[in-house]
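This is start_32.tsv (TSV, C-alpha atoms).
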```tsv
chain	number	residue	atom	x	y	z
A	1	MET	CA	10.81	4.45	-54.51
A	2	LYS	CA	11.94	0.98	-53.44
A	3	ILE	CA	11.01	-1.22	-50.48
A	4	TYR	CA	13.32	-4.08	-49.49
A	5	GLN	CA	15.05	-5.86	-46.58
A	6	ALA	CA	18.04	-3.90	-45.34
A	7	LYS	CA	21.64	-5.07	-45.63
A	8	ILE	CA	24.21	-5.06	-42.83
A	9	ASN	CA	25.98	-1.99	-44.21
A	10	GLU	CA	22.77	0.05	-43.85
A	11	LEU	CA	22.81	-0.18	-40.05
A	12	ASN	CA	24.18	3.35	-39.60
A	13	ASP	CA	21.56	4.81	-41.93
A	14	ILE	CA	18.75	3.19	-39.97
A	15	SER	CA	20.27	4.19	-36.63
A	16	ASN	CA	20.57	7.81	-37.79
A	17	PHE	CA	17.00	7.72	-39.09
A	18	ILE	CA	15.79	6.66	-35.63
A	19	ARG	CA	17.82	9.42	-33.98
A	20	LYS	CA	16.32	12.08	-36.24
A	21	ASN	CA	12.72	10.89	-36.40
A	22	PHE	CA	11.85	9.08	-33.16
A	23	LYS	CA	9.89	11.22	-30.70
A	24	LYS	CA	12.03	10.20	-27.70
A	25	LYS	CA	15.63	11.44	-27.76
A	26	ASN	CA	18.61	9.15	-27.19
A	27	HIS	CA	16.80	5.97	-28.13
A	28	ILE	CA	19.07	2.98	-27.50
A	29	LEU	CA	18.93	1.88	-31.16
A	30	ALA	CA	20.34	5.28	-32.13
A	31	THR	CA	23.10	5.32	-29.51
A	32	ASN	CA	24.12	1.70	-28.94
A	33	LYS	CA	25.20	-0.01	-32.17
A	34	SER	CA	26.11	-3.28	-30.46
A	35	TYR	CA	22.62	-3.60	-29.01
A	36	PHE	CA	21.17	-2.78	-32.44
A	37	SER	CA	23.21	-5.62	-33.97
A	38	TYR	CA	22.22	-8.03	-31.19
A	39	LEU	CA	18.53	-7.37	-31.79
A	40	PHE	CA	18.32	-7.14	-35.60
A	41	LYS	CA	21.37	-8.68	-37.26
A	42	SER	CA	20.52	-11.80	-39.29
A	43	LYS	CA	23.44	-13.26	-41.28
A	44	LYS	CA	24.13	-10.80	-44.12
A	45	LYS	CA	20.97	-8.78	-43.59
A	46	LEU	CA	19.18	-6.76	-40.95
A	47	ASN	CA	15.67	-7.62	-39.85
A	48	PHE	CA	14.36	-4.34	-41.19
A	49	ILE	CA	12.14	-3.55	-44.15
A	50	ILE	CA	13.16	-0.10	-45.36
A	51	CYS	CA	12.01	2.33	-48.02
A	52	ARG	CA	14.19	4.72	-50.02
A	53	ASP	CA	12.89	7.46	-52.28
A	54	ASN	CA	14.12	8.24	-55.80
A	55	SER	CA	17.09	10.17	-54.39
A	56	ASN	CA	18.04	7.12	-52.30
A	57	SER	CA	17.11	8.84	-49.02
A	58	LEU	CA	15.66	6.70	-46.28
A	59	ILE	CA	11.99	7.60	-45.70
A	60	GLY	CA	10.59	4.62	-43.79
A	61	ILE	CA	11.67	1.70	-41.59
A	62	LEU	CA	9.95	-1.38	-40.18
A	63	GLY	CA	11.95	-3.70	-37.92
A	64	PHE	CA	10.92	-7.23	-37.02
A	65	ILE	CA	11.90	-9.81	-34.39
A	66	ASN	CA	11.58	-13.58	-34.76
A	67	SER	CA	9.61	-15.71	-32.31
A	68	SER	CA	11.62	-18.77	-33.36
A	69	TYR	CA	14.59	-19.70	-35.55
A	70	THR	CA	13.86	-23.31	-36.44
A	71	SER	CA	10.26	-23.70	-37.62
A	72	ASN	CA	6.76	-22.23	-37.23
A	73	ILE	CA	8.31	-18.76	-37.43
A	74	SER	CA	6.21	-15.77	-36.42
A	75	ILE	CA	7.50	-12.21	-36.15
A	76	TRP	CA	6.78	-9.08	-34.12
A	77	THR	CA	7.13	-5.66	-35.69
A	78	SER	CA	9.49	-3.12	-34.13
A	79	MET	CA	10.55	0.51	-34.72
A	80	TRP	CA	7.92	1.14	-37.38
A	81	MET	CA	8.05	4.72	-38.58
A	82	VAL	CA	8.05	6.95	-41.67
A	83	LYS	CA	9.09	10.53	-42.31
A	84	LYS	CA	6.37	13.15	-41.86
A	85	LYS	CA	6.20	13.96	-45.57
A	86	ALA	CA	6.39	10.34	-46.74
A	87	PRO	CA	3.82	9.08	-49.31
A	88	PRO	CA	0.41	8.14	-47.83
A	89	MET	CA	0.07	4.59	-46.47
A	90	LEU	CA	3.82	3.95	-46.79
A	91	GLY	CA	3.86	2.22	-43.40
A	92	ILE	CA	1.13	-0.19	-44.53
A	93	LYS	CA	2.98	-0.87	-47.78
A	94	MET	CA	6.06	-1.91	-45.83
A	95	LEU	CA	3.92	-4.13	-43.62
A	96	MET	CA	2.41	-5.79	-46.71
A	97	LYS	CA	5.93	-6.50	-47.94
A	98	LEU	CA	6.45	-8.56	-44.78
A	99	ILE	CA	3.08	-10.28	-45.04
A	100	LYS	CA	3.74	-11.40	-48.62
A	101	ASN	CA	6.75	-13.34	-47.35
A	102	LYS	CA	5.06	-16.70	-46.84
A	103	LYS	CA	7.72	-18.09	-44.48
A	104	TYR	CA	6.16	-16.28	-41.51
A	105	ASN	CA	3.17	-17.90	-39.76
A	106	ASN	CA	2.06	-14.65	-38.12
A	107	ILE	CA	2.92	-10.98	-38.30
A	108	MET	CA	2.21	-9.38	-34.94
A	109	SER	CA	2.72	-6.15	-33.10
A	110	VAL	CA	2.50	-5.45	-29.36
A	111	GLY	CA	2.22	-1.89	-28.08
A	112	ILE	CA	0.31	-0.38	-31.02
A	113	ASN	CA	-1.45	2.97	-30.73
A	114	LYS	CA	-5.12	2.70	-29.82
A	115	LYS	CA	-5.94	5.21	-32.57
A	116	THR	CA	-4.69	2.80	-35.24
A	117	LEU	CA	-6.94	-0.11	-34.27
A	118	GLU	CA	-9.52	0.80	-36.93
A	119	ILE	CA	-6.86	0.53	-39.66
A	120	TYR	CA	-5.86	-2.98	-38.62
A	121	ASN	CA	-9.49	-4.04	-38.26
A	122	TYR	CA	-10.11	-2.76	-41.80
A	123	LEU	CA	-7.20	-4.91	-43.01
A	124	GLY	CA	-8.91	-7.94	-41.48
A	125	PHE	CA	-6.44	-8.32	-38.60
A	126	TYR	CA	-7.32	-9.53	-35.14
A	127	THR	CA	-6.79	-6.78	-32.56
A	128	GLY	CA	-6.94	-6.98	-28.80
A	129	LYS	CA	-5.66	-5.72	-25.48
A	130	LEU	CA	-3.42	-7.40	-22.92
A	131	ASN	CA	-4.98	-8.03	-19.53
A	132	HIS	CA	-3.17	-6.38	-16.65
A	133	TYR	CA	-3.21	-8.27	-13.34
A	134	PHE	CA	-1.37	-7.62	-10.08
A	135	ILE	CA	-0.88	-8.84	-6.53
A	136	PRO	CA	-0.36	-6.03	-3.98
A	137	ASN	CA	2.17	-6.25	-1.18
A	138	LEU	CA	-0.17	-5.45	1.70
A	139	ILE	CA	2.64	-5.31	4.27
A	140	THR	CA	4.65	-2.40	2.86
A	141	ASN	CA	3.52	1.21	3.20
A	142	LYS	CA	5.86	2.39	0.46
A	143	LYS	CA	3.94	3.71	-2.57
A	144	VAL	CA	6.55	5.51	-4.69
A	145	ILE	CA	5.64	3.59	-7.86
A	146	SER	CA	2.00	2.61	-7.36
A	147	LYS	CA	-1.20	3.84	-5.79
A	148	ILE	CA	-3.01	0.98	-4.03
A	149	PRO	CA	-5.93	1.64	-1.64
A	150	LYS	CA	-5.31	-0.97	1.07
A	151	LYS	CA	-8.95	-1.19	2.15
A	152	LYS	CA	-9.97	-2.58	-1.24
A	153	PHE	CA	-7.65	-5.58	-1.14
A	154	LYS	CA	-6.89	-8.56	1.04
A	155	LYS	CA	-4.48	-11.43	0.63
A	156	LYS	CA	-6.03	-14.26	-1.37
A	157	LYS	CA	-5.56	-17.84	-0.28
A	158	ILE	CA	-3.71	-19.76	-2.98
A	159	LYS	CA	-4.35	-23.51	-3.21
A	160	ILE	CA	-1.33	-24.96	-4.98
A	161	LEU	CA	-1.13	-28.18	-6.99
A	162	LYS	CA	0.66	-30.87	-5.01
A	163	ASN	CA	3.37	-33.43	-5.87
A	164	VAL	CA	5.49	-30.81	-7.66
A	165	LYS	CA	8.38	-28.60	-6.59
A	166	THR	CA	8.63	-24.87	-7.22
A	167	SER	CA	11.98	-23.07	-7.14
A	168	GLU	CA	14.28	-20.67	-8.92
A	169	ILE	CA	15.72	-22.32	-12.04
A	170	PHE	CA	18.68	-21.53	-14.27
A	171	PHE	CA	19.90	-21.79	-17.85
A	172	GLU	CA	21.03	-25.42	-17.77
A	173	ASP	CA	17.81	-26.44	-16.03
A	174	ILE	CA	15.68	-24.88	-18.76
A	175	LYS	CA	17.89	-26.21	-21.55
A	176	ASN	CA	17.80	-29.79	-20.27
A	177	MET	CA	14.45	-30.06	-18.54
A	178	PHE	CA	11.87	-28.02	-20.49
A	179	ASN	CA	10.30	-29.21	-23.74
A	180	PHE	CA	9.86	-26.15	-25.95
A	181	LYS	CA	8.21	-28.28	-28.64
A	182	ILE	CA	5.01	-28.67	-26.61
A	183	LYS	CA	3.84	-25.32	-28.03
A	184	LYS	CA	4.91	-26.04	-31.59
A	185	LYS	CA	1.43	-26.83	-32.92
A	186	GLU	CA	-0.06	-23.62	-31.63
A	187	GLY	CA	-0.25	-20.31	-33.46
A	188	LEU	CA	2.74	-18.72	-31.75
A	189	TYR	CA	5.82	-20.88	-31.24
A	190	LYS	CA	8.89	-19.77	-29.28
A	191	ASP	CA	11.82	-22.15	-29.61
A	192	PHE	CA	14.84	-22.54	-27.33
A	193	LYS	CA	17.05	-20.48	-29.65
A	194	TYR	CA	14.65	-17.54	-29.37
A	195	PHE	CA	14.49	-17.96	-25.60
A	196	LYS	CA	18.28	-18.09	-25.23
A	197	LYS	CA	18.82	-15.00	-27.35
A	198	LYS	CA	16.00	-13.03	-25.72
A	199	PHE	CA	16.91	-13.64	-22.11
A	200	PHE	CA	20.37	-15.21	-21.66
A	201	ASP	CA	22.23	-13.43	-24.44
A	202	ASN	CA	20.67	-10.05	-23.69
A	203	PRO	CA	23.64	-7.67	-23.20
A	204	ILE	CA	21.73	-5.25	-20.95
A	205	ASN	CA	18.64	-6.69	-19.26
A	206	ASN	CA	18.99	-9.34	-16.56
A	207	TYR	CA	16.20	-11.80	-15.79
A	208	ARG	CA	15.42	-14.57	-13.31
A	209	PHE	CA	13.34	-17.71	-13.77
A	210	PHE	CA	11.03	-19.59	-11.43
A	211	GLY	CA	9.57	-22.94	-12.37
A	212	VAL	CA	7.48	-25.95	-11.38
A	213	ILE	CA	9.39	-29.25	-11.56
A	214	THR	CA	8.49	-32.92	-11.36
A	215	LYS	CA	10.46	-36.05	-12.30
A	216	LYS	CA	13.33	-33.98	-13.69
A	217	LYS	CA	10.99	-32.08	-16.01
A	218	ILE	CA	10.02	-28.42	-15.89
A	219	LEU	CA	6.26	-28.23	-16.33
A	220	SER	CA	5.98	-24.43	-16.33
A	221	PHE	CA	8.18	-21.44	-15.65
A	222	ALA	CA	7.93	-17.66	-15.50
A	223	VAL	CA	10.43	-15.01	-16.56
A	224	LEU	CA	10.74	-12.14	-14.09
A	225	ARG	CA	12.52	-8.85	-13.70
A	226	LEU	CA	12.76	-6.57	-10.68
A	227	GLN	CA	11.88	-3.03	-11.81
A	228	LYS	CA	13.43	-0.23	-9.77
A	229	TYR	CA	12.40	3.41	-9.54
A	230	LYS	CA	13.94	5.87	-7.08
A	231	THR	CA	13.79	4.23	-3.64
A	232	SER	CA	11.26	1.55	-4.55
A	233	LYS	CA	10.75	-1.63	-6.59
A	234	CYS	CA	8.11	-3.78	-8.21
A	235	LEU	CA	8.31	-7.39	-9.36
A	236	ARG	CA	7.11	-8.20	-12.89
A	237	ILE	CA	6.25	-11.46	-14.65
A	238	LEU	CA	7.23	-10.73	-18.25
A	239	ASP	CA	6.86	-14.12	-19.95
A	240	PHE	CA	5.46	-17.55	-19.20
A	241	TYR	CA	6.14	-21.01	-20.63
A	242	GLY	CA	4.28	-24.27	-20.14
A	243	ASN	CA	1.00	-25.23	-18.49
A	244	GLN	CA	-0.76	-22.14	-17.13
A	245	ASN	CA	-2.50	-24.22	-14.43
A	246	PHE	CA	0.79	-24.08	-12.50
A	247	LEU	CA	0.83	-20.27	-12.34
A	248	LYS	CA	-0.63	-20.53	-8.81
A	249	ASN	CA	2.35	-22.57	-7.64
A	250	ILE	CA	4.77	-19.95	-8.97
A	251	THR	CA	2.99	-16.96	-7.43
A	252	HIS	CA	2.59	-18.83	-4.14
A	253	TYR	CA	6.38	-19.32	-4.12
A	254	LEU	CA	7.15	-15.75	-5.17
A	255	LEU	CA	5.07	-14.17	-2.41
A	256	ASP	CA	7.46	-15.63	0.16
A	257	THR	CA	10.61	-14.31	-1.52
A	258	LYS	CA	12.47	-11.25	-0.31
A	259	GLU	CA	12.12	-9.81	-3.83
A	260	PHE	CA	8.33	-9.60	-3.47
A	261	GLN	CA	8.42	-8.60	0.19
A	262	ASN	CA	10.65	-5.63	-0.75
A	263	SER	CA	8.41	-4.69	-3.69
A	264	GLU	CA	5.19	-2.70	-3.90
A	265	TYR	CA	3.48	-5.35	-6.04
A	266	LEU	CA	3.83	-8.20	-8.53
A	267	ASP	CA	2.21	-7.58	-11.92
A	268	PHE	CA	1.56	-9.60	-15.06
A	269	TYR	CA	0.44	-8.38	-18.51
A	270	ASN	CA	-0.96	-11.27	-20.53
A	271	TYR	CA	-3.37	-12.38	-23.23
A	272	GLY	CA	-4.65	-15.94	-23.57
A	273	PHE	CA	-4.62	-16.83	-19.87
A	274	LYS	CA	-7.83	-18.14	-18.34
A	275	LYS	CA	-9.42	-15.88	-15.75
A	276	ARG	CA	-9.81	-18.73	-13.29
A	277	ASN	CA	-6.07	-19.43	-13.40
A	278	LEU	CA	-5.25	-15.79	-12.71
A	279	ASP	CA	-7.79	-15.57	-9.90
A	280	SER	CA	-6.59	-18.78	-8.26
A	281	ALA	CA	-3.01	-17.51	-8.45
A	282	GLY	CA	-3.91	-14.54	-6.22
A	283	PHE	CA	-4.14	-11.84	-8.88
A	284	TYR	CA	-6.48	-8.85	-9.13
A	285	ASN	CA	-7.50	-7.35	-12.49
A	286	VAL	CA	-6.46	-3.68	-12.73
A	287	ALA	CA	-9.39	-3.00	-15.09
A	288	ASN	CA	-11.91	-3.78	-12.32
A	289	TYR	CA	-10.92	-0.77	-10.24
A	290	SER	CA	-11.23	2.99	-10.50
A	291	LYS	CA	-8.48	5.46	-11.32
A	292	LYS	CA	-7.66	5.54	-7.62
A	293	LEU	CA	-5.66	2.37	-8.30
A	294	ILE	CA	-2.44	2.90	-10.27
A	295	ILE	CA	-0.17	0.04	-11.35
A	296	PRO	CA	2.25	1.70	-13.81
A	297	ASP	CA	3.79	0.05	-16.82
A	298	LEU	CA	6.17	2.62	-18.29
A	299	PHE	CA	9.55	3.13	-16.61
A	300	GLY	CA	11.66	4.63	-19.38
A	301	PRO	CA	10.86	7.40	-18.52
A	302	PHE	CA	8.64	6.56	-15.55
A	303	ILE	CA	4.98	7.57	-15.88
A	304	LYS	CA	2.73	7.06	-12.85
A	305	LYS	CA	-0.35	6.04	-14.82
A	306	ASN	CA	-2.11	2.85	-15.80
A	307	ASN	CA	-1.27	1.83	-19.35
A	308	GLU	CA	-3.32	-0.12	-21.89
A	309	VAL	CA	-1.29	-2.34	-24.22
A	310	PHE	CA	-2.90	-3.19	-27.57
A	311	PHE	CA	-1.79	-5.68	-30.23
A	312	PHE	CA	-2.64	-7.02	-33.67
A	313	ILE	CA	-2.12	-10.33	-35.50
A	314	ASN	CA	-2.53	-10.57	-39.26
A	315	ARG	CA	-5.38	-13.09	-39.14
A	316	ASN	CA	-9.07	-12.67	-38.40
A	317	LYS	CA	-9.25	-15.39	-35.73
A	318	ILE	CA	-6.78	-16.60	-33.14
A	319	LYS	CA	-6.72	-19.75	-31.04
A	320	ASN	CA	-4.42	-20.90	-28.25
A	321	ILE	CA	-2.16	-17.85	-28.63
A	322	GLN	CA	-0.57	-16.32	-25.56
A	323	ILE	CA	0.98	-12.84	-25.66
A	324	PHE	CA	3.03	-11.18	-22.94
A	325	ARG	CA	4.53	-7.81	-22.06
A	326	VAL	CA	8.03	-8.80	-23.09
A	327	ASP	CA	7.07	-9.92	-26.62
A	328	GLY	CA	8.61	-8.15	-29.59
A	329	ASP	CA	10.63	-5.14	-28.47
A	330	GLN	CA	8.46	-4.34	-25.47
A	331	ASP	CA	11.24	-4.75	-22.90
A	332	MET	CA	13.68	-2.47	-24.70
A	333	PRO	CA	16.28	-1.10	-22.24
A	334	VAL	CA	16.95	2.61	-21.81
A	335	ASN	CA	20.74	2.62	-22.16
A	336	LYS	CA	21.19	1.39	-18.60
A	337	LYS	CA	22.02	-1.93	-17.01
A	338	ASN	CA	18.75	-3.45	-15.81
A	339	SER	CA	19.75	-5.86	-13.08
A	340	PHE	CA	17.67	-8.06	-10.81
```
Here is a file; write its structure as structure tokens.
Amino acid sequence: MKIYQAKINELNDISNFIRKNFKKKNHILATNKSYFSYLFKSKKKLNFIICRDNSNSLIGILGFINSSYTSNISIWTSMWMVKKKAPPMLGIKMLMKLIKNKKYNNIMSVGINKKTLEIYNYLGFYTGKLNHYFIPNLITNKKVISKIPKKKFKKKKIKILKNVKTSEIFFEDIKNMFNFKIKKKEGLYKDFKYFKKKFFDNPINNYRFFGVITKKKILSFAVLRLQKYKTSKCLRILDFYGNQNFLKNITHYLLDTKEFQNSEYLDFYNYGFKKRNLDSAGFYNVANYSKKLIIPDLFGPFIKKNNEVFFFINRNKIKNIQIFRVDGDQDMPVNKKNSF
């Protein structure tokens, strides 16, 4: 049995392994080779740790995605699975292969199974859950996606920070006006190269960006996508860069857009945001309400249920780390063009 980083010519083997062993049929990594290459190709290798048995058959895979490409590199795990009759703890052995590579600051995973939390805690990892916040559209009566009791909610007054401008921004704005290095000293660093690949080079998903600007500098900006299901829509903040104190300015701006006014709600999965900043931005915490409130997360396929999103980081303490719903492979498309 051997565990090593996969080479480019092993792409088909990994893709076939996913097709045969993943619980959901027609996974995009098994059917779309160009998207597979976009996500995992790295020079002459693939960002996959794989395991082959003594007969050279593939019995386990563990993908990973960089948070940066220049320095302070952290990685998220992706497509982590082993065959049913694989040796015990093979998945953990592949993970340890990644951890022993000292060039990575953090090994993280978003979207882990709640049942596995005890294993990661035993390994000394920090585990947690993303907070799920939302702002309901109290004008629309359409509730195809969500279930929101109107009597429980009212529009919050948002007091924005003055002397700044909030607007939609674009690639050249972000490239020239936002300083990605401001987060470099923190535990999780996302550089411009990561950002460009994740959002602008994405061959399937389309995103839009809304930011707070002053003196030709972008102080903060959010990454959004309009999620459609049947005859309805919801607006989702998937990532956030910069000073979180300006979140209120961005939500205040978004609530007046036709995108929000034609949506059932705006939601935001996050970890590391201060409660006061979320409250002052007009958000409600999904966890504070009964099951009568439903703000779904899963759209591929769509499941009309609330969803808890757990994560781990291979350290026992974390500080100043922010994690979002889009991190790692958590915004993987379902073989369709996701447009705004």
Distance of CA of Ile158 in chain A from CA of Asn249 in chain A, expressed in Å to one decimal place =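 Separation between CA of Asn249 in chain A and CA of Ile158 in chain A: 8.1 Å.
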So which one's closest to Met108 in chain A, A:Val164, A:Leu95, A:Leu39, A:Leu235? Using all atoms listed in the file, please.
->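 Residue with the minimum atom-to-atom distance to Met108 in chain A: A:Leu95.
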Quick one: pull the distance between CA of Asn12 in chain A and CA of Lys41 in chain A, Å, one decimal.
->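 If I compute the distance from CA of Asn12 in chain A to CA of Lys41 in chain A, I get 12.6 Å.
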Can you pull out the residues contacting Leu254 in chain A? Cut-off 12 Å, using all atoms listed in the file, and skip same-chain residues under 2 positions away; I want them as a short mmCIF file (atom, residue, chain, number, x, y, z; two decimals) with C-alpha atoms, keeping the file's coordinate frame.
```
data_model
loop_
_atom_site.label_atom_id
_atom_site.label_comp_id
_atom_site.auth_asym_id
_atom_site.auth_seq_id
_atom_site.Cartn_x
_atom_site.Cartn_y
_atom_site.Cartn_z
CA ILE A 135 -0.88 -8.84 -6.53
CA ASN A 137 2.17 -6.25 -1.18
CA ILE A 158 -3.71 -19.76 -2.98
CA THR A 166 8.63 -24.87 -7.22
CA SER A 167 11.98 -23.07 -7.14
CA GLU A 168 14.28 -20.67 -8.92
CA ARG A 208 15.42 -14.57 -13.31
CA PHE A 209 13.34 -17.71 -13.77
CA PHE A 210 11.03 -19.59 -11.43
CA GLY A 211 9.57 -22.94 -12.37
CA VAL A 212 7.48 -25.95 -11.38
CA PHE A 221 8.18 -21.44 -15.65
CA ALA A 222 7.93 -17.66 -15.50
CA VAL A 223 10.43 -15.01 -16.56
CA LEU A 224 10.74 -12.14 -14.09
CA LEU A 235 8.31 -7.39 -9.36
CA ARG A 236 7.11 -8.20 -12.89
CA ILE A 237 6.25 -11.46 -14.65
CA LEU A 247 0.83 -20.27 -12.34
CA LYS A 248 -0.63 -20.53 -8.81
CA ASN A 249 2.35 -22.57 -7.64
CA ILE A 250 4.77 -19.95 -8.97
CA THR A 251 2.99 -16.96 -7.43
CA HIS A 252 2.59 -18.83 -4.14
CA ASP A 256 7.46 -15.63 0.16
CA THR A 257 10.61 -14.31 -1.52
CA LYS A 258 12.47 -11.25 -0.31
CA GLU A 259 12.12 -9.81 -3.83
CA PHE A 260 8.33 -9.60 -3.47
CA GLN A 261 8.42 -8.60 0.19
CA ASN A 262 10.65 -5.63 -0.75
CA SER A 263 8.41 -4.69 -3.69
CA TYR A 265 3.48 -5.35 -6.04
CA LEU A 266 3.83 -8.20 -8.53
CA ASP A 267 2.21 -7.58 -11.92
CA ALA A 281 -3.01 -17.51 -8.45
CA GLY A 282 -3.91 -14.54 -6.22
#
```
What is the CA of Pro203 in chain A-CA of Asn307 in chain A distance in Å, reported with one decimal?
->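 CA of Pro203 in chain A sits 26.9 Å away from CA of Asn307 in chain A.
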Using only C-alpha atoms, which residues sit within 6 Å of range 65-82 of chain A once same-chain residues fewer than 3 positions away are excluded, as a JSON list (two decimals) with C-alpha atoms, keeping the file's coordinate frame?
```json
[["chain", "number", "residue", "atom", "x", "y", "z"],
["A", 59, "ILE", "CA", 11.99, 7.60, -45.70],
["A", 60, "GLY", "CA", 10.59, 4.62, -43.79],
["A", 61, "ILE", "CA", 11.67, 1.70, -41.59],
["A", 62, "LEU", "CA", 9.95, -1.38, -40.18],
["A", 104, "TYR", "CA", 6.16, -16.28, -41.51],
["A", 105, "ASN", "CA", 3.17, -17.90, -39.76],
["A", 106, "ASN", "CA", 2.06, -14.65, -38.12],
["A", 107, "ILE", "CA", 2.92, -10.98, -38.30],
["A", 108, "MET", "CA", 2.21, -9.38, -34.94],
["A", 109, "SER", "CA", 2.72, -6.15, -33.10],
["A", 190, "LYS", "CA", 8.89, -19.77, -29.28],
["A", 191, "ASP", "CA", 11.82, -22.15, -29.61],
["A", 194, "TYR", "CA", 14.65, -17.54, -29.37],
["A", 328, "GLY", "CA", 8.61, -8.15, -29.59]]
```
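The list of residues with at least one atom within 8 Å of Lys97 in chain A, based on all atoms listed in the file and without residues fewer than 2 positions apart in the same chain, reads Ile3, Tyr4, Ile49, Lys93, Met94, Leu95, Ile99, Lys100 and Asn101 of chain A.
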What residues have an atom no more than 10 Å from (-5.0, 2.1, -32.1) in the file's own frame, counting only C-alpha atoms, and can you write them as a count of residues only?
-> 17
Tell me which of A:Gln330, A:Asn47, A:Asn179, A:Thr214 sits closest to Phe299 in chain A, counting only C-alpha atoms.
-> A:Gln330
For each of A:Asp297, A:Asp279, A:Asp327, A:Glu264, take the minimum atom-to-atom distance to Ile139 in chain A, counting all atoms listed in the file, then give the residue where this is smallest.
->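 Closest candidate: A:Glu264.
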Smallest atom-to-atom distance to Phe153 in chain A: which of A:Asn26, A:Arg325, A:Phe283, A:Asn314, using all atoms listed in the file?
-> A:Phe283
Select, from A:Lys216, A:Lys228, A:Lys85, A:Lys162, the residue with the minimum atom-to-atom distance to Phe178 in chain A, counting all atoms listed in the file.
->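 The shortest atom-to-atom distance to Phe178 in chain A comes from A:Lys216.
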Shell of 9 Å around Ala287 in chain A, all atoms listed in the file, local chain residues under 5 positions omitted, as a ChimeraX atom specification = /A:131-133
Of the listed residues A:Leu98, A:Leu123, A:Ile92, A:Leu161, that which approaches Ile213 in chain A most closely, counting all atoms listed in the file =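 Of A:Leu98, A:Leu123, A:Ile92, A:Leu161, the one nearest Ile213 in chain A is A:Leu161, counting all atoms listed in the file.
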Please provide as a list in words all residues within 10 Å of Phe171 in chain A, with the sequence filter that same-chain residues fewer than 3 positions apart are discarded (counting all atoms listed in the file).
->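 Residues meeting the cut-off are Ile174, Lys175, Asn176, Met177, Lys196, Phe199, Phe200, Arg208 and Phe209 of chain A.
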Take the point (-2.5, -18.6, -17.4) in the file's coordinates, draw a sphere of radius 6 Å around it, and report as a ChimeraX atom specification every protein, DNA or RNA residue with an atom inside or on it, counting only C-alpha atoms.
-> /A:244,273-274,277
